[in-house]
file coords21.tsv (TSV, C-alpha atoms and all ligand atoms)
chain	number	residue	atom	x	y	z
L	1	MET	CA	91.69	189.86	123.69
L	2	ARG	CA	90.04	187.06	121.72
L	3	PHE	CA	91.21	183.46	121.73
L	4	GLU	CA	91.46	181.88	118.34
L	5	ALA	CA	93.67	178.82	118.64
L	6	CYS	CA	94.64	176.02	121.00
L	7	ILE	CA	98.14	174.56	120.93
L	8	PHE	CA	98.66	171.16	122.52
L	9	ASP	CA	101.79	169.53	123.80
L	10	LEU	CA	101.87	165.90	122.58
L	11	ASP	CA	103.63	163.62	125.09
L	12	GLY	CA	101.56	163.36	128.28
L	13	VAL	CA	98.75	165.63	127.03
L	14	ILE	CA	97.39	164.02	123.84
L	15	VAL	CA	99.04	160.60	124.06
L	16	ASP	CA	100.24	158.45	126.92
L	17	THR	CA	103.89	158.42	125.84
L	18	ALA	CA	105.45	160.09	128.90
L	19	ARG	CA	105.68	156.59	130.45
L	20	PHE	CA	107.53	155.24	127.37
L	21	HIS	CA	110.07	158.08	127.59
L	22	PHE	CA	110.57	157.27	131.28
L	23	MET	CA	110.93	153.52	130.66
L	24	ALA	CA	113.53	154.07	127.95
L	25	TRP	CA	115.55	156.64	129.96
L	26	LYS	CA	115.34	154.41	133.04
L	27	ARG	CA	116.80	151.50	131.08
L	28	LEU	CA	119.72	153.67	129.97
L	29	ALA	CA	120.25	155.08	133.48
L	30	ASP	CA	120.26	151.54	134.94
L	31	GLU	CA	122.87	150.45	132.39
L	32	LEU	CA	125.05	153.42	133.33
L	33	GLY	CA	124.54	152.79	137.07
L	34	ILE	CA	122.87	156.18	137.56
L	35	PRO	CA	120.08	156.45	140.14
L	36	PHE	CA	116.93	157.63	138.35
L	37	THR	CA	113.29	157.55	139.46
L	38	GLU	CA	109.96	159.13	138.46
L	39	HIS	CA	110.94	162.06	140.70
L	40	GLU	CA	114.04	162.98	138.68
L	41	ASN	CA	112.10	162.16	135.49
L	42	GLU	CA	109.78	165.12	136.12
L	43	ARG	CA	112.66	167.44	135.12
L	44	LEU	CA	112.89	165.72	131.71
L	45	LYS	CA	109.30	166.31	130.66
L	46	GLY	CA	109.04	168.68	127.73
L	47	VAL	CA	112.83	168.87	127.47
L	48	SER	CA	114.64	167.87	124.25
L	49	ARG	CA	116.39	164.51	123.89
L	50	MET	CA	119.97	165.74	124.38
L	51	ALA	CA	119.01	168.13	127.20
L	52	SER	CA	117.23	165.21	128.91
L	53	LEU	CA	120.38	163.09	128.67
L	54	GLU	CA	122.47	165.89	130.22
L	55	ILE	CA	120.05	166.05	133.17
L	56	ILE	CA	120.34	162.27	133.74
L	57	LEU	CA	124.13	162.40	133.55
L	58	GLU	CA	124.12	165.11	136.27
L	59	TYR	CA	122.93	162.38	138.69
L	60	GLY	CA	125.97	160.22	137.86
L	61	THR	CA	129.66	160.81	138.57
L	62	ARG	CA	131.35	160.07	135.23
L	63	LYS	CA	132.01	162.45	132.37
L	64	TYR	CA	131.36	161.27	128.80
L	65	THR	CA	132.54	162.44	125.38
L	66	GLU	CA	130.12	164.00	122.88
L	67	ALA	CA	130.31	160.82	120.77
L	68	GLU	CA	129.38	158.66	123.77
L	69	LYS	CA	126.47	160.98	124.58
L	70	LEU	CA	125.15	160.79	121.02
L	71	ALA	CA	125.35	157.00	121.19
L	72	PHE	CA	123.44	156.97	124.54
L	73	ALA	CA	120.69	159.20	123.11
L	74	GLU	CA	120.41	156.95	120.08
L	75	ARG	CA	120.13	153.81	122.24
L	76	LYS	CA	117.38	155.43	124.30
L	77	ASN	CA	115.57	156.55	121.17
L	78	ASN	CA	115.72	153.07	119.62
L	79	TRP	CA	114.00	151.61	122.69
L	80	TYR	CA	111.48	154.44	122.67
L	81	VAL	CA	110.69	153.91	118.97
L	82	GLU	CA	110.12	150.21	119.70
L	83	PHE	CA	107.43	151.24	122.22
L	84	ILE	CA	105.72	153.82	120.04
L	85	SER	CA	105.77	151.60	116.95
L	86	LYS	CA	103.23	149.44	118.76
L	87	MET	CA	100.93	152.38	119.55
L	88	THR	CA	97.30	152.39	118.43
L	89	PRO	CA	94.41	154.87	118.84
L	90	ALA	CA	93.91	153.22	122.28
L	91	ASP	CA	96.99	155.13	123.48
L	92	ILE	CA	95.27	158.48	122.93
L	93	LEU	CA	94.56	160.07	126.32
L	94	PRO	CA	90.88	160.35	127.38
L	95	GLY	CA	89.06	163.42	126.12
L	96	ALA	CA	91.66	164.49	123.53
L	97	PRO	CA	89.81	163.58	120.29
L	98	ASP	CA	86.46	164.97	121.54
L	99	LEU	CA	88.02	168.26	122.61
L	100	LEU	CA	89.94	168.68	119.35
L	101	LYS	CA	86.85	167.94	117.26
L	102	SER	CA	84.62	170.31	119.24
L	103	LEU	CA	87.15	173.16	119.11
L	104	ARG	CA	87.39	172.88	115.34
L	105	GLU	CA	83.62	172.75	115.01
L	106	LYS	CA	83.49	176.07	116.89
L	107	GLY	CA	86.07	177.59	114.54
L	108	ILE	CA	89.03	177.43	116.95
L	109	LYS	CA	92.23	176.39	115.22
L	110	THR	CA	94.27	173.53	116.68
L	111	ALA	CA	98.01	172.85	116.59
L	112	LEU	CA	100.59	170.61	118.15
L	113	GLY	CA	103.64	172.14	119.85
L	114	SER	CA	105.94	169.29	120.80
L	115	ALA	CA	109.67	168.97	121.42
L	116	SER	CA	109.61	165.44	120.03
L	117	LYS	CA	111.28	164.42	116.78
L	118	ASN	CA	109.09	161.30	116.91
L	119	THR	CA	105.87	163.32	116.51
L	120	PRO	CA	105.19	162.17	112.89
L	121	LEU	CA	105.40	158.47	113.85
L	122	ILE	CA	103.06	158.94	116.84
L	123	LEU	CA	100.54	160.87	114.72
L	124	GLU	CA	100.64	158.13	112.10
L	125	LYS	CA	100.16	155.28	114.61
L	126	THR	CA	97.28	157.00	116.43
L	127	GLY	CA	95.58	158.48	113.37
L	128	LEU	CA	95.49	161.92	115.05
L	129	LEU	CA	96.97	164.03	112.24
L	130	PRO	CA	93.62	165.10	110.69
L	131	LEU	CA	92.61	166.75	113.98
L	132	PHE	CA	95.39	169.38	113.78
L	133	ASP	CA	95.58	172.44	111.54
L	134	ALA	CA	99.35	172.68	112.12
L	135	VAL	CA	102.17	170.65	113.62
L	136	ALA	CA	105.27	172.27	115.13
L	137	ASP	CA	107.69	169.70	116.55
L	138	GLY	CA	111.29	168.82	117.31
L	139	ASN	CA	111.97	168.48	113.59
L	140	SER	CA	111.04	172.07	112.82
L	141	VAL	CA	112.52	173.94	115.81
L	142	SER	CA	115.96	174.02	117.38
L	143	LYS	CA	115.42	175.61	120.79
L	144	ALA	CA	114.01	173.43	123.56
L	145	LYS	CA	111.22	174.43	125.98
L	146	PRO	CA	111.24	176.64	128.13
L	147	ASP	CA	112.24	178.59	125.02
L	148	PRO	CA	108.99	179.66	123.34
L	149	GLU	CA	110.15	178.78	119.80
L	150	VAL	CA	107.90	175.73	119.26
L	151	PHE	CA	104.73	177.55	120.38
L	152	LEU	CA	105.58	180.68	118.39
L	153	ARG	CA	106.18	178.50	115.35
L	154	ALA	CA	102.78	176.82	115.84
L	155	ALA	CA	101.10	180.25	116.12
L	156	SER	CA	102.79	181.45	112.96
L	157	MET	CA	101.80	178.27	111.07
L	158	LEU	CA	98.22	178.98	112.15
L	159	ARG	CA	98.61	182.68	111.21
L	160	THR	CA	97.40	183.63	114.69
L	161	ASP	CA	98.83	186.18	117.15
L	162	PRO	CA	100.60	184.42	120.04
L	163	GLY	CA	98.41	186.32	122.52
L	164	LYS	CA	95.33	184.66	121.02
L	165	CYS	CA	96.66	181.13	121.55
L	166	ILE	CA	95.94	178.87	124.54
L	167	VAL	CA	98.50	176.19	125.39
L	168	PHE	CA	97.81	172.81	127.05
L	169	GLU	CA	100.92	171.42	128.79
L	170	ASP	CA	101.89	168.66	131.23
L	171	ALA	CA	105.47	169.82	131.89
L	172	GLU	CA	106.95	172.63	133.96
L	173	ALA	CA	109.29	173.53	131.09
L	174	GLY	CA	106.28	173.65	128.76
L	175	VAL	CA	104.30	175.99	131.03
L	176	LYS	CA	107.31	178.33	131.10
L	177	ALA	CA	107.62	178.10	127.29
L	178	ALA	CA	103.94	179.05	126.89
L	179	HIS	CA	104.35	182.05	129.18
L	180	ASN	CA	107.56	183.05	127.41
L	181	ALA	CA	105.50	183.03	124.19
L	182	GLY	CA	102.92	185.32	125.84
L	183	MET	CA	100.27	182.58	125.84
L	184	PHE	CA	97.68	181.56	128.45
L	185	CYS	CA	98.57	178.09	129.73
L	186	ILE	CA	96.33	175.32	131.00
L	187	GLY	CA	98.31	172.69	132.90
L	188	VAL	CA	97.23	169.08	132.40
L	189	GLY	CA	98.20	166.95	135.40
L	190	SER	CA	99.21	167.68	138.99
L	191	LYS	CA	98.48	171.10	140.54
L	192	THR	CA	101.60	170.84	142.69
L	193	ILE	CA	103.91	170.31	139.73
L	194	LEU	CA	102.15	172.71	137.38
L	195	ASN	CA	101.70	175.51	139.91
L	196	GLU	CA	102.85	178.18	137.46
L	197	ALA	CA	100.05	177.39	134.98
L	198	ASP	CA	97.11	179.81	134.72
L	199	GLU	CA	94.66	176.95	135.35
L	200	VAL	CA	95.19	173.22	135.99
L	201	ILE	CA	92.99	170.29	134.96
L	202	GLY	CA	93.59	166.61	135.68
L	203	SER	CA	93.09	165.49	132.09
L	204	LEU	CA	91.54	166.71	128.84
L	205	SER	CA	88.39	164.74	129.65
L	206	GLU	CA	87.68	167.40	132.33
L	207	ILE	CA	87.31	170.19	129.79
L	208	ASN	CA	85.08	171.02	126.83
L	209	PHE	CA	84.54	174.11	124.70
L	210	GLU	CA	82.03	175.67	127.13
L	211	LYS	CA	84.29	175.16	130.14
L	212	LEU	CA	87.29	176.54	128.28
L	213	LYS	CA	85.26	179.56	127.25
L	214	SER	CA	84.26	180.29	130.83
L	215	ILE	CA	87.84	179.89	132.12
L	216	LEU	CA	89.05	182.30	129.46
L	217	GLU	CA	86.24	184.80	129.94
L	218	GLU	CA	87.07	184.87	133.63
L	219	ALA	CA	90.68	185.56	132.68
L	220	GLY	CA	89.56	188.53	130.58
L	221	TYR	CA	89.37	186.99	127.11
L	222	GLU	CA	86.48	187.89	124.84
L	223	LYS	CA	84.29	185.38	123.04
L	224	PRO	CA	86.03	184.08	119.92
L	225	PHE	CA	83.22	185.23	117.63
L	301	LIG	C1	108.93	165.84	124.79
L	301	LIG	C2	108.97	164.88	125.95
L	301	LIG	O1	107.63	165.94	124.30
L	301	LIG	O2	109.79	165.40	123.74
L	301	LIG	C3	110.40	164.68	126.42
L	301	LIG	O3	108.19	165.40	127.02
L	301	LIG	C4	111.27	164.24	125.24
L	301	LIG	O4	110.41	163.70	127.44
L	301	LIG	C5	111.16	165.26	124.11
L	301	LIG	O5	112.62	164.12	125.64
L	301	LIG	C6	111.98	164.88	122.88
L	301	LIG	O6	111.43	163.72	122.34
L	301	LIG	P1	112.13	162.82	121.23
L	301	LIG	O7	111.01	161.88	120.83
L	301	LIG	O8	112.52	163.72	120.11
L	301	LIG	O9	113.29	162.14	121.87
L	302	MG	MG	104.56	166.72	127.60
call {"tool": "encode", "arguments": {"input": "coords21.tsv", "output": "structure tokens"}}
result
Amino acid sequence: MRFEACIFDLDGVIVDTARFHFMAWKRLADELGIPFTEHENERLKGVSRMASLEIILEYGTRKYTEAEKLAFAERKNNWYVEFISKMTPADILPGAPDLLKSLREKGIKTALGSASKNTPLILEKTGLLPLFDAVADGNSVSKAKPDPEVFLRAASMLRTDPGKCIVFEDAEAGVKAAHNAGMFCIGVGSKTILNEADEVIGSLSEINFEKLKSILEEAGYEKPF
């Protein structure tokens, strides 16, 4: 099997937005009197906006109508958009631009596979769009990770077989989605949390094309060329 493309999750892998999601959800949870910490927040990573809200509400005691839930999600998103509107290229996580550039120089295609509907705004603020050959995001898919839809969509936009794609993910749900798509998955973050990933690195600054190649060759992939 050859590897031909790398698909990157956005929040927490390419940009430091996972903390903005947490801050905005925390504000909502505090208003609703629901206990919510970084620990519970781990379950929200990679999960769509409405599914995230449902998880938070599980920690409370009250039931809410669909209209109330939509209003809560909108409030959270408005706070989140306030944060990301102030983003600059300084919010790009270390190593991401270098890795993307070197992959493309070596002929490996790059794509984003994110659950977020705010992907276009983040790409605009950080100037990252030119580094991706394709963008699959929450605006183009309907099924949330761990469903593989967003990664399969990215592979099809790149015209690459799913089995030839490598996914970079910081969320448990994202690792599952990559595996459900039949893709090799490199976890970016904590080994304890991402224990289902095929390999785990602390951040993208720990990897380059050569290192990736050797990880993949060890896993039985052939050279891309
Ligand atoms: C994912 C984040 O990338 O996008 C989740 O990890 C978030 O925390 C999801 O809920 C949806 O994002 P948005 O921007 O559409 O609310
Ligand atoms: Mg993420």
call {"tool": "atom_distance", "arguments": {"input": "coords21.tsv", "atom1": "atom CA of Val13 of chain L", "atom2": "atom CA of Glu74 of chain L"}}
result
24.3 Å
call {"tool": "closest_residue", "arguments": {"input": "coords21.tsv", "among": "L:Gly127, L:Gly174, L:Gly220, L:Gly163", "to": "Ser48 of chain L", "atoms": "only C-alpha atoms"}}
result
L:Gly174
call {"tool": "residues_near_ligand", "arguments": {"input": "coords21.tsv", "ligand": "ligand MG 302 (chain L)", "cutoff": "10 Å", "atoms": "only C-alpha atoms and all ligand atoms", "output": "JSON, numbers by chain"}}
result
{"L": [8, 9, 10, 11, 12, 13, 14, 15, 16, 17, 18, 44, 45, 46, 47, 113, 114, 115, 116, 168, 169, 170, 171, 172, 173, 174, 175, 188]}
call {"tool": "residues_around", "arguments": {"input": "coords21.tsv", "residues": "Leu204 of chain L", "least_positions_apart": "5", "cutoff": "7 Å", "atoms": "only C-alpha atoms", "output": "PyMOL selection string"}}
result
chain L and resi 94-96
call {"tool": "closest_residue", "arguments": {"input": "coords21.tsv", "among": "L:Glu105, L:Asp137, L:Asp98, L:Glu58", "to": "ligand LIG 301 (chain L)", "atoms": "all atoms listed in the file"}}
result
L:Asp137
call {"tool": "closest_residue", "arguments": {"input": "coords21.tsv", "among": "L:Ser214, L:Ser102, L:Thr110, L:Thr119", "to": "ligand LIG 301 (chain L)", "atoms": "all atoms listed in the file"}}
result
L:Thr119
call {"tool": "atom_distance", "arguments": {"input": "coords21.tsv", "atom1": "atom CA of Leu99 of chain L", "atom2": "atom CA of Phe209 of chain L"}}
result
7.1 Å
call {"tool": "atom_distance", "arguments": {"input": "coords21.tsv", "atom1": "atom CA of Glu42 of chain L", "atom2": "atom CA of Ala219 of chain L"}}
result
28.2 Å
call {"tool": "closest_residue", "arguments": {"input": "coords21.tsv", "among": "L:Glu218, L:Asp198, L:Asp133, L:Asp91", "to": "Phe20 of chain L", "atoms": "all atoms listed in the file"}}
result
L:Asp91
call {"tool": "residues_around", "arguments": {"input": "coords21.tsv", "residues": "Lys86 of chain L", "least_positions_apart": "4", "cutoff": "10 Å", "atoms": "only C-alpha atoms", "output": "count of residues only"}}
result
6
call {"tool": "axis_aligned_box", "arguments": {"input": "coords21.tsv", "around": "ligand LIG 301 (chain L)", "padding_each_side": "3 Å", "output": "AutoDock Vina command-line options"}}
result
--center_x 110.5 --center_y 163.9 --center_z 123.8 --size_x 11.7 --size_y 10.1 --size_z 13.3
